[in-house]
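Engineer: So that you have it, the file is work-v8.cif, and it contains mmCIF, C-alpha atoms:
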data_start
#
loop_
_atom_site.label_atom_id
_atom_site.label_comp_id
_atom_site.auth_asym_id
_atom_site.auth_seq_id
_atom_site.Cartn_x
_atom_site.Cartn_y
_atom_site.Cartn_z
CA MET U 1 0.00 0.00 0.00
CA PRO U 2 1.24 3.53 -0.75
CA GLU U 3 2.53 5.39 2.28
CA GLN U 4 0.09 7.93 3.66
CA PRO U 5 1.35 11.54 3.76
CA ALA U 6 2.21 12.86 7.21
CA GLN U 7 -0.53 14.83 8.92
CA PRO U 8 0.32 18.56 8.91
CA ASP U 9 1.41 19.82 12.33
CA ALA U 10 1.11 23.22 13.98
CA ALA U 11 4.37 24.50 12.47
CA GLU U 12 3.26 23.65 8.94
CA LEU U 13 -0.09 25.35 9.44
CA ASP U 14 1.65 28.42 10.87
CA ALA U 15 3.77 28.53 7.72
CA ARG U 16 0.68 28.25 5.53
CA VAL U 17 -0.97 31.12 7.39
CA ASP U 18 2.14 33.29 7.06
CA ALA U 19 2.40 32.54 3.34
CA LEU U 20 -1.28 33.36 2.82
CA VAL U 21 -1.00 36.71 4.61
CA ARG U 22 2.12 37.62 2.58
CA ARG U 23 0.44 36.64 -0.69
CA CYS U 24 -2.90 38.34 0.09
CA PRO U 25 -2.41 41.06 2.72
CA PRO U 26 -5.80 41.50 4.44
CA THR U 27 -5.56 45.29 4.14
CA ASP U 28 -5.16 45.04 0.34
CA CYS U 29 -7.60 42.21 -0.51
CA ASP U 30 -11.38 42.31 -0.49
CA HIS U 31 -12.89 39.64 1.74
CA GLN U 32 -13.97 37.31 -1.06
CA THR U 33 -10.51 37.29 -2.65
CA PHE U 34 -8.81 36.65 0.69
CA LEU U 35 -11.25 33.93 1.78
CA GLY U 36 -10.96 32.24 -1.62
CA ALA U 37 -7.18 32.17 -1.23
CA ARG U 38 -7.60 30.84 2.30
CA PHE U 39 -9.85 28.02 1.05
CA ASP U 40 -7.37 27.12 -1.70
CA ALA U 41 -4.54 27.07 0.86
CA GLY U 42 -6.36 24.41 2.89
CA LEU U 43 -7.06 26.76 5.78
CA ALA U 44 -10.86 26.89 5.63
CA TRP U 45 -11.52 23.68 7.56
CA VAL U 46 -8.02 22.33 8.26
CA TRP U 47 -9.31 18.86 9.16
CA ALA U 48 -11.12 18.44 5.81
CA ALA U 49 -9.81 16.94 2.57
CA PRO U 50 -7.86 19.27 0.21
CA GLU U 51 -10.76 19.43 -2.26
CA ASP U 52 -12.99 20.62 0.60
CA GLY U 53 -10.74 23.43 1.81
CA GLY U 54 -8.51 21.53 4.22
CA VAL U 55 -5.23 19.66 4.61
CA GLN U 56 -6.45 16.76 6.77
CA ALA U 57 -4.79 18.16 9.89
CA ASP U 58 -5.98 17.50 13.43
CA ARG U 59 -9.26 19.32 14.11
CA SER U 60 -7.88 20.84 17.31
CA LEU U 61 -5.53 23.02 15.21
CA GLN U 62 -8.43 24.95 13.67
CA SER U 63 -8.56 27.34 16.61
CA ARG U 64 -4.83 28.03 16.25
CA VAL U 65 -5.32 29.00 12.60
CA GLU U 66 -8.27 31.24 13.52
CA ARG U 67 -6.23 33.05 16.20
CA ARG U 68 -3.28 33.69 13.88
CA LEU U 69 -5.52 34.96 11.10
CA ALA U 70 -7.41 37.21 13.52
CA ALA U 71 -4.10 38.67 14.71
CA ALA U 72 -3.25 39.44 11.09
CA GLY U 73 -6.55 41.30 10.62
CA ALA U 74 -8.01 38.72 8.24
CA PRO U 75 -11.76 38.75 7.45
CA VAL U 76 -13.92 36.35 9.47
CA PRO U 77 -16.01 34.17 7.10
CA PHE U 78 -18.87 33.72 9.62
CA ARG U 79 -19.53 37.45 9.48
CA TYR U 80 -20.39 37.32 5.78
CA ASN U 81 -22.39 34.09 5.69
CA PRO U 82 -23.40 33.01 9.20
CA ILE U 83 -26.02 30.43 8.20
CA GLY U 84 -23.82 29.02 5.46
CA LEU U 85 -20.80 28.65 7.74
CA GLY U 86 -22.54 27.79 10.98
CA MET U 87 -25.24 25.41 9.77
CA VAL U 88 -25.10 24.46 6.08
CA ALA U 89 -21.40 23.56 5.84
CA PRO U 90 -21.63 21.03 8.73
CA ALA U 91 -24.64 19.43 7.01
CA LEU U 92 -22.77 19.17 3.71
CA PHE U 93 -19.80 17.56 5.44
CA ALA U 94 -22.01 15.12 7.31
CA HIS U 95 -24.58 14.26 4.64
CA GLY U 96 -23.55 15.73 1.28
CA GLU U 97 -22.02 13.92 -1.68
CA PRO U 98 -18.48 14.86 -2.80
CA LYS U 99 -19.91 16.56 -5.91
CA GLN U 100 -22.21 18.65 -3.73
CA ARG U 101 -19.38 19.77 -1.48
CA SER U 102 -17.33 20.60 -4.57
CA ARG U 103 -20.19 22.64 -5.99
CA TYR U 104 -21.07 24.61 -2.89
CA LEU U 105 -18.37 24.83 -0.22
CA ARG U 106 -15.93 27.33 -1.75
CA ALA U 107 -18.55 29.93 -2.70
CA LEU U 108 -20.20 29.40 0.70
CA PHE U 109 -16.92 29.99 2.53
CA THR U 110 -16.05 33.16 0.62
CA GLY U 111 -19.52 34.64 1.04
CA GLU U 112 -20.02 34.75 -2.72
CA GLU U 113 -23.18 32.70 -2.22
CA ILE U 114 -25.23 33.60 0.87
CA TRP U 115 -27.34 30.78 2.33
CA CYS U 116 -30.57 30.68 4.30
CA GLN U 117 -32.29 27.93 6.26
CA LEU U 118 -35.80 26.98 5.13
CA PHE U 119 -37.16 25.22 8.23
CA SER U 120 -39.78 27.13 10.27
CA GLU U 121 -43.41 27.29 9.15
CA PRO U 122 -46.48 29.25 10.36
CA SER U 123 -48.34 26.11 11.41
CA ALA U 124 -45.44 24.17 12.94
CA GLY U 125 -44.04 26.62 15.51
CA SER U 126 -41.13 25.07 17.37
CA ASP U 127 -42.10 21.63 16.09
CA VAL U 128 -39.87 21.55 12.98
CA ALA U 129 -40.75 17.90 12.33
CA GLY U 130 -44.42 18.86 12.06
CA LEU U 131 -43.86 20.96 8.92
CA SER U 132 -46.26 20.65 5.98
CA THR U 133 -44.32 21.95 2.96
CA ARG U 134 -44.57 19.11 0.44
CA ALA U 135 -42.06 17.82 -2.10
CA ARG U 136 -43.47 15.48 -4.75
CA SER U 137 -41.23 13.33 -6.95
CA ASP U 138 -41.50 14.12 -10.68
CA GLY U 139 -39.02 12.10 -12.73
CA ASP U 140 -35.52 13.29 -11.91
CA SER U 141 -36.88 16.35 -10.07
CA TRP U 142 -39.07 17.30 -7.14
CA ILE U 143 -41.97 19.76 -7.16
CA VAL U 144 -42.23 21.75 -3.92
CA ASN U 145 -45.18 23.72 -2.54
CA GLY U 146 -45.46 25.38 0.85
CA GLN U 147 -44.55 28.35 3.03
CA LYS U 148 -41.66 29.05 5.37
CA VAL U 149 -41.33 31.89 7.87
CA TRP U 150 -38.70 33.65 10.04
CA THR U 151 -36.17 32.82 7.33
CA SER U 152 -33.14 35.00 8.03
CA VAL U 153 -31.49 36.71 5.00
CA ALA U 154 -33.75 34.90 2.51
CA HIS U 155 -34.18 38.21 0.65
CA ILE U 156 -30.46 38.30 -0.20
CA ALA U 157 -29.64 34.58 -0.19
CA ARG U 158 -28.53 32.78 -3.34
CA ARG U 159 -29.28 29.34 -1.90
CA GLY U 160 -31.30 27.78 0.88
CA LEU U 161 -31.31 24.43 2.61
CA LEU U 162 -34.90 23.21 2.66
CA ILE U 163 -36.57 20.52 4.72
CA ALA U 164 -39.80 19.31 3.08
CA ARG U 165 -42.25 16.46 3.58
CA THR U 166 -41.88 13.71 0.99
CA ASP U 167 -44.01 11.03 2.69
CA PRO U 168 -47.12 11.98 4.70
CA ASP U 169 -48.00 8.35 5.46
CA VAL U 170 -45.25 7.73 8.03
CA PRO U 171 -44.59 9.39 11.42
CA LYS U 172 -43.57 13.00 11.10
CA HIS U 173 -39.82 12.59 11.70
CA ALA U 174 -39.52 9.79 9.13
CA GLY U 175 -41.18 11.51 6.17
CA LEU U 176 -38.81 14.45 5.64
CA THR U 177 -36.12 15.05 3.00
CA ALA U 178 -33.51 17.81 2.63
CA PHE U 179 -32.85 19.79 -0.55
CA VAL U 180 -30.72 22.67 -1.77
CA VAL U 181 -32.89 25.41 -3.28
CA ASP U 182 -31.61 27.98 -5.76
CA MET U 183 -33.45 31.05 -4.43
CA SER U 184 -33.66 32.50 -7.96
CA THR U 185 -35.75 29.52 -9.14
CA PRO U 186 -39.19 30.46 -10.51
CA GLY U 187 -41.83 30.04 -7.80
CA VAL U 188 -39.59 31.16 -4.89
CA GLU U 189 -40.74 34.43 -3.33
CA ALA U 190 -39.21 36.04 -0.23
CA ARG U 191 -41.19 38.73 1.60
CA PRO U 192 -39.27 40.62 4.32
CA LEU U 193 -40.82 40.97 7.78
CA ARG U 194 -40.28 44.24 9.66
CA GLN U 195 -38.99 43.78 13.23
CA ILE U 196 -39.26 45.87 16.37
CA THR U 197 -35.77 47.25 15.62
CA GLY U 198 -36.95 48.60 12.26
CA ASP U 199 -34.75 46.09 10.42
CA ALA U 200 -36.05 43.35 8.15
CA GLU U 201 -33.66 40.41 8.60
CA PHE U 202 -36.41 37.79 8.58
CA ASN U 203 -38.72 36.75 5.76
CA GLU U 204 -41.73 34.76 4.74
CA VAL U 205 -40.79 32.48 1.84
CA TYR U 206 -43.44 31.12 -0.51
CA LEU U 207 -42.66 28.07 -2.65
CA THR U 208 -45.08 27.55 -5.52
CA ASP U 209 -44.45 24.61 -7.88
CA VAL U 210 -40.70 25.02 -7.35
CA ARG U 211 -38.74 22.43 -9.33
CA ILE U 212 -35.61 21.06 -7.62
CA PRO U 213 -33.37 18.57 -9.45
CA ASP U 214 -32.77 15.34 -7.57
CA HIS U 215 -29.00 15.95 -7.59
CA ASP U 216 -29.71 18.77 -5.13
CA ARG U 217 -31.20 16.37 -2.60
CA ILE U 218 -29.00 16.15 0.53
CA GLY U 219 -28.92 12.64 1.99
CA GLU U 220 -31.38 9.88 1.24
CA VAL U 221 -35.12 10.33 0.80
CA GLY U 222 -36.65 10.24 4.28
CA GLN U 223 -33.44 11.29 6.05
CA GLY U 224 -34.30 14.97 6.26
CA TRP U 225 -34.66 14.90 10.03
CA GLN U 226 -31.07 13.70 10.40
CA VAL U 227 -29.90 16.58 8.17
CA ALA U 228 -32.07 19.02 10.13
CA THR U 229 -30.69 17.77 13.45
CA THR U 230 -27.11 18.26 12.25
CA MET U 231 -27.93 21.82 11.25
CA LEU U 232 -29.85 22.64 14.43
CA MET U 233 -27.14 21.31 16.75
CA ASN U 234 -24.50 23.32 14.90
CA GLU U 235 -26.77 26.37 14.79
CA ARG U 236 -27.07 26.40 18.57
CA VAL U 237 -23.32 26.27 19.05
CA ALA U 238 -22.79 28.94 16.36
CA LEU U 239 -25.43 31.26 17.82
CA GLY U 240 -24.17 30.72 21.34
CA GLY U 241 -20.67 31.63 20.24
CA ALA U 242 -21.92 34.70 18.36
CA PHE U 243 -24.01 35.98 21.30
CA SER U 244 -21.08 35.56 23.68
CA ALA U 245 -18.34 36.89 21.39
CA GLY U 246 -15.93 38.99 23.41
CA GLY U 247 -12.56 38.41 21.81
CA GLU U 248 -9.76 37.60 24.19
CA ARG U 249 -11.34 39.65 27.01
CA PRO U 250 -15.00 38.64 27.45
CA GLY U 251 -17.15 41.03 29.43
CA THR U 252 -14.94 44.07 28.94
CA ARG U 253 -17.73 46.14 27.38
CA ILE U 254 -19.74 45.70 30.59
CA LEU U 255 -16.97 47.00 32.84
CA ASP U 256 -16.06 49.75 30.34
CA ALA U 257 -19.68 50.92 30.29
CA TYR U 258 -19.81 50.97 34.10
CA ARG U 259 -16.63 53.06 34.28
CA ALA U 260 -17.85 55.39 31.51
CA ALA U 261 -21.04 56.01 33.53
CA GLY U 262 -18.89 57.32 36.39
CA ARG U 263 -19.28 54.25 38.61
CA PRO U 264 -22.85 55.31 39.51
CA ASP U 265 -23.44 53.12 42.60
CA PRO U 266 -22.32 49.88 44.30
CA VAL U 267 -25.44 47.98 43.22
CA ARG U 268 -24.74 48.58 39.54
CA GLY U 269 -21.06 47.86 40.18
CA ASP U 270 -21.93 44.49 41.74
CA ARG U 271 -24.18 43.73 38.76
CA ALA U 272 -21.37 44.60 36.34
CA VAL U 273 -19.04 42.13 38.04
CA GLN U 274 -21.70 39.41 38.01
CA LEU U 275 -22.21 39.92 34.27
CA TRP U 276 -18.43 39.92 33.71
CA ILE U 277 -18.21 36.53 35.46
CA GLU U 278 -21.11 35.23 33.36
CA ALA U 279 -19.48 36.47 30.15
CA ASN U 280 -16.27 34.60 30.92
CA ALA U 281 -18.12 31.42 31.88
CA VAL U 282 -20.08 31.49 28.62
CA ALA U 283 -16.93 32.23 26.61
CA LEU U 284 -15.13 29.27 28.18
CA THR U 285 -18.11 27.05 27.37
CA GLY U 286 -17.92 28.25 23.77
CA LYS U 287 -14.21 27.40 23.58
CA ARG U 288 -14.94 23.96 24.96
CA MET U 289 -17.59 23.39 22.27
CA ALA U 290 -15.28 24.67 19.53
CA ALA U 291 -12.62 22.18 20.58
CA GLU U 292 -14.98 19.21 20.25
CA ALA U 293 -13.70 16.80 17.60
CA ARG U 294 -17.16 15.45 16.81
CA GLN U 295 -20.43 16.95 15.67
CA PRO U 296 -22.10 19.11 18.34
CA GLY U 297 -24.66 17.21 20.38
CA PRO U 298 -27.46 18.09 22.77
CA LEU U 299 -24.99 19.71 25.19
CA GLY U 300 -24.63 22.51 22.63
CA SER U 301 -28.09 23.63 23.73
CA ALA U 302 -26.53 24.65 27.06
CA LEU U 303 -24.27 27.16 25.28
CA LYS U 304 -27.11 28.61 23.24
CA LEU U 305 -29.40 28.87 26.28
CA ALA U 306 -26.78 30.47 28.52
CA ALA U 307 -25.43 32.85 25.88
CA ALA U 308 -28.85 34.04 24.67
CA GLU U 309 -30.13 34.81 28.17
CA HIS U 310 -26.81 36.38 29.17
CA ASN U 311 -26.91 38.69 26.15
CA GLN U 312 -30.39 39.85 27.12
CA ARG U 313 -29.21 40.62 30.66
CA VAL U 314 -26.23 42.55 29.29
CA THR U 315 -28.32 44.71 26.95
CA GLU U 316 -30.81 45.41 29.77
CA TYR U 317 -27.92 46.48 32.01
CA LEU U 318 -26.43 48.78 29.38
CA LEU U 319 -29.83 50.38 28.79
CA ASP U 320 -30.24 50.91 32.54
CA LEU U 321 -26.79 52.50 32.81
CA GLU U 322 -27.49 55.02 30.08
CA SER U 323 -31.11 55.59 31.24
CA LEU U 324 -32.85 58.40 29.36
CA GLY U 325 -29.66 59.23 27.49
CA SER U 326 -29.43 55.82 25.81
CA SER U 327 -27.72 55.81 22.44
CA ALA U 328 -29.43 54.46 19.33
CA GLU U 329 -26.92 51.60 19.32
CA THR U 330 -27.80 50.59 22.89
CA VAL U 331 -31.54 50.74 22.23
CA HIS U 332 -31.13 48.72 19.03
CA GLY U 333 -29.03 46.11 20.86
CA TYR U 334 -31.63 45.81 23.61
CA LEU U 335 -34.51 45.37 21.16
CA ARG U 336 -32.61 42.92 18.94
CA ALA U 337 -31.66 40.78 21.93
CA ARG U 338 -35.35 40.02 22.52
CA ALA U 339 -35.06 37.55 19.63
CA ASN U 340 -32.07 35.70 21.11
CA THR U 341 -34.21 33.37 23.22
CA ILE U 342 -36.47 32.53 20.25
CA GLU U 343 -34.20 32.19 17.20
CA GLY U 344 -32.37 28.91 16.76
CA GLY U 345 -34.76 27.20 19.16
CA THR U 346 -36.58 28.80 22.08
CA SER U 347 -35.19 28.65 25.59
CA GLU U 348 -38.07 26.32 26.49
CA ILE U 349 -36.97 23.89 23.75
CA MET U 350 -33.35 24.17 24.91
CA ARG U 351 -34.40 23.23 28.45
CA ASN U 352 -36.40 20.28 27.16
CA ILE U 353 -33.38 19.00 25.22
CA LEU U 354 -31.06 19.40 28.21
CA GLY U 355 -33.55 17.81 30.58
CA GLU U 356 -34.32 14.79 28.42
CA ARG U 357 -31.09 14.16 26.51
CA VAL U 358 -28.42 15.37 28.93
CA LEU U 359 -29.91 14.96 32.41
CA GLY U 360 -32.03 11.90 31.54
CA LEU U 361 -35.28 13.32 32.92
CA PRO U 362 -38.64 11.86 31.78
CA ALA U 363 -39.69 13.02 28.32
CA GLU U 364 -42.78 15.12 27.76
CA PRO U 365 -45.78 13.17 26.40
CA ARG U 366 -45.81 13.02 22.59
CA VAL U 367 -49.18 11.78 21.38
CA ASP U 368 -48.20 12.03 17.69
CA LYS U 369 -44.98 10.04 17.95
CA ASN U 370 -46.00 6.77 16.30
CA ILE U 371 -48.81 7.78 13.96
CA ALA U 372 -48.70 8.88 10.33
CA TRP U 373 -48.24 12.62 9.84
CA ARG U 374 -51.37 12.65 7.69
CA ASP U 375 -53.43 11.48 10.69
CA VAL U 376 -52.13 14.04 13.19
CA PRO U 377 -54.98 16.44 14.17
CA ARG U 378 -54.38 20.04 13.10
#
So, in terms of structure tokens, how does the structure I just supplied come out?
Structural biologist:
Amino acid sequence: MPEQPAQPDAAELDARVDALVRRCPPTDCDHQTFLGARFDAGLAWVWAAPEDGGVQADRSLQSRVERRLAAAGAPVPFRYNPIGLGMVAPALFAHGEPKQRSRYLRALFTGEEIWCQLFSEPSAGSDVAGLSTRARSDGDSWIVNGQKVWTSVAHIARRGLLIARTDPDVPKHAGLTAFVVDMSTPGVEARPLRQITGDAEFNEVYLTDVRIPDHDRIGEVGQGWQVATTMLMNERVALGGAFSAGGERPGTRILDAYRAAGRPDPVRGDRAVQLWIEANAVALTGKRMAAEARQPGPLGSALKLAAAEHNQRVTEYLLDLESLGSSAETVHGYLRARANTIEGGTSEIMRNILGERVLGLPAEPRVDKNIAWRDVPR
């Protein structure tokens, strides 16, 4: 048998980072050019195969690469395509075919193609598996009809990862299939929803006789729930990390705000220290999750739950500090944080997952578990 090449070590990855920064100085390159060069250098996902943007290094070295690139002022890919990086890419690695990864990963990583997640529906609420959007087989294609809602960035997305019902005659979790949707396909309509902040990040998406070729099916027919679970678990870790982002000094904005307010009173000072401790605890949890060598599991819900509720407490504190003189940025942050405990799974759902799948507590009754989706009362 041919001898396997040695796995790249930290020194080799350091050299690759240095060469990349010399070849494409972050101050001189636009983000897509730099991230494309990073992908081609095997520094996108260092543990992946070369054709997928890696060099088959140990997964634990990814954080080292991220730190060195951050120190060099390199663009952060998550910032330009959060759903693509945080949720879709893990699903493609876990369930996609090599041709699908070849077709999508590079443009996803550079932000050339923005992705959205077509899961939630008006009638399903937090019960993703109860969705009713239907995909009907038609030769080598599928015809999709239905409606999605709360779809972040759908109005600017080039592609979406859709979960649709392909078999209504089996229990709800078993009858789902995952597809990639070109958002420019005839029959796809995104309608932005105005939020309390005045922004319109979220959308309703209507799918009317949308034709999807079978080669854009992710995983086997009927395995959509497995694809959805991969995305949701990664989404919770990604959102938790984003909510708790604080660089190398988590919680500093809380203490800085307290000092800038003239240290108003001991009560607010005590609260600032409590929030600083929380910020560091959440940040350490995020680092622990990032170092996991396997796919995120139910424990990732702990990070999302803690980070989302912490971020709400922080924005409330900052609003209280500034009182009637609150800046537009502080007010916007406070209002936007209201969504943190809903998006990516509500805090109630997170507690259910932790109770049942981490702590081993009795599951809530599920009367629709073993009956065909078609027969579930609505």
Engineer: Need the shell around segment 10-13 of chain U: protein/DNA/RNA residues with any atom at most 12 Å away, counting only C-alpha atoms. Skip same-chain ones fewer than 2 positions apart. Format as an NGL selection string?
Structural biologist: :U and (6-8 or 15-20 or 38 or 41-47 or 54-69)
Engineer: Given all atoms listed in the file, how would the per-residue table for segment 205-300 of chain U near segment 317-341 of chain U read, listing every residue at most 8 Å away with its closest atom pair and distance in Å to one decimal, sorted by chain and number, as JSON lines?
Structural biologist:
{"residue": "U:Ile254", "atom": "CA", "partner": "U:Leu318", "partner_atom": "CA", "distance": 7.5}
{"residue": "U:Ala257", "atom": "CA", "partner": "U:Leu318", "partner_atom": "CA", "distance": 7.1}
{"residue": "U:Tyr258", "atom": "CA", "partner": "U:Leu321", "partner_atom": "CA", "distance": 7.3}
{"residue": "U:Ala261", "atom": "CA", "partner": "U:Leu321", "partner_atom": "CA", "distance": 6.8}
Engineer: Evaluate the PyMOL selection byres ((chain U and resi 303) around 7) here and jot the selected residues down as a compact mmCIF listing (two decimals) with C-alpha atoms, in the frame of the given file.
Structural biologist:
# COMPACT_ATOMS: atom_id res chain seq x y z
CA VAL U 237 -23.32 26.27 19.05
CA GLY U 240 -24.17 30.72 21.34
CA VAL U 282 -20.08 31.49 28.62
CA THR U 285 -18.11 27.05 27.37
CA GLY U 286 -17.92 28.25 23.77
CA GLY U 300 -24.63 22.51 22.63
CA SER U 301 -28.09 23.63 23.73
CA ALA U 302 -26.53 24.65 27.06
CA LYS U 304 -27.11 28.61 23.24
CA LEU U 305 -29.40 28.87 26.28
CA ALA U 306 -26.78 30.47 28.52
CA ALA U 307 -25.43 32.85 25.88
Engineer: Could you name the residues that touch Ser152 of chain U at 9 Å or less, counting all atoms listed in the file, but leaving out those on the same chain fewer than 3 positions away, as a PyMOL selection string?
Structural biologist: chain U and resi 83+116-118+149+155+157+200-203
Engineer: Translate the PyMOL selection byres ((chain U and resi 277) around 12), as applied to the file shown, into an explicit residue set as a PyMOL selection string.
Structural biologist: chain U and resi 249-252+254-255+270-276+278-284+310+314
Engineer: Given the file shown, enumerate the residues that the PyMOL selection byres ((chain U and resi 212) around 7) captures and present them as a ChimeraX atom specification.
Structural biologist: /U:141-143,181,210-211,213-214,216
Engineer: Keeping only C-alpha atoms, take the residues you just selected and write them out as a compact mmCIF listing (two decimals), keeping the file's coordinate frame.
Structural biologist:
# COMPACT_ATOMS: atom_id res chain seq x y z
CA SER U 141 -36.88 16.35 -10.07
CA TRP U 142 -39.07 17.30 -7.14
CA ILE U 143 -41.97 19.76 -7.16
CA VAL U 181 -32.89 25.41 -3.28
CA VAL U 210 -40.70 25.02 -7.35
CA ARG U 211 -38.74 22.43 -9.33
CA PRO U 213 -33.37 18.57 -9.45
CA ASP U 214 -32.77 15.34 -7.57
CA ASP U 216 -29.71 18.77 -5.13
Engineer: Let me make sure I understand: among U:Met289, U:Ala190, U:Ala107, U:Val170, which one has the smallest atom-to-atom distance to Asp368 of chain U if we use all atoms listed in the file?
Structural biologist: U:Val170
Engineer: Here is a test: counting only C-alpha atoms, which residue of U:Ser123, U:Asn370, U:Thr229, U:Asn352 is nearest to Ile163 of chain U?
Structural biologist: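 Of the candidates, the smallest distance to Ile163 of chain U is held by U:Thr229.
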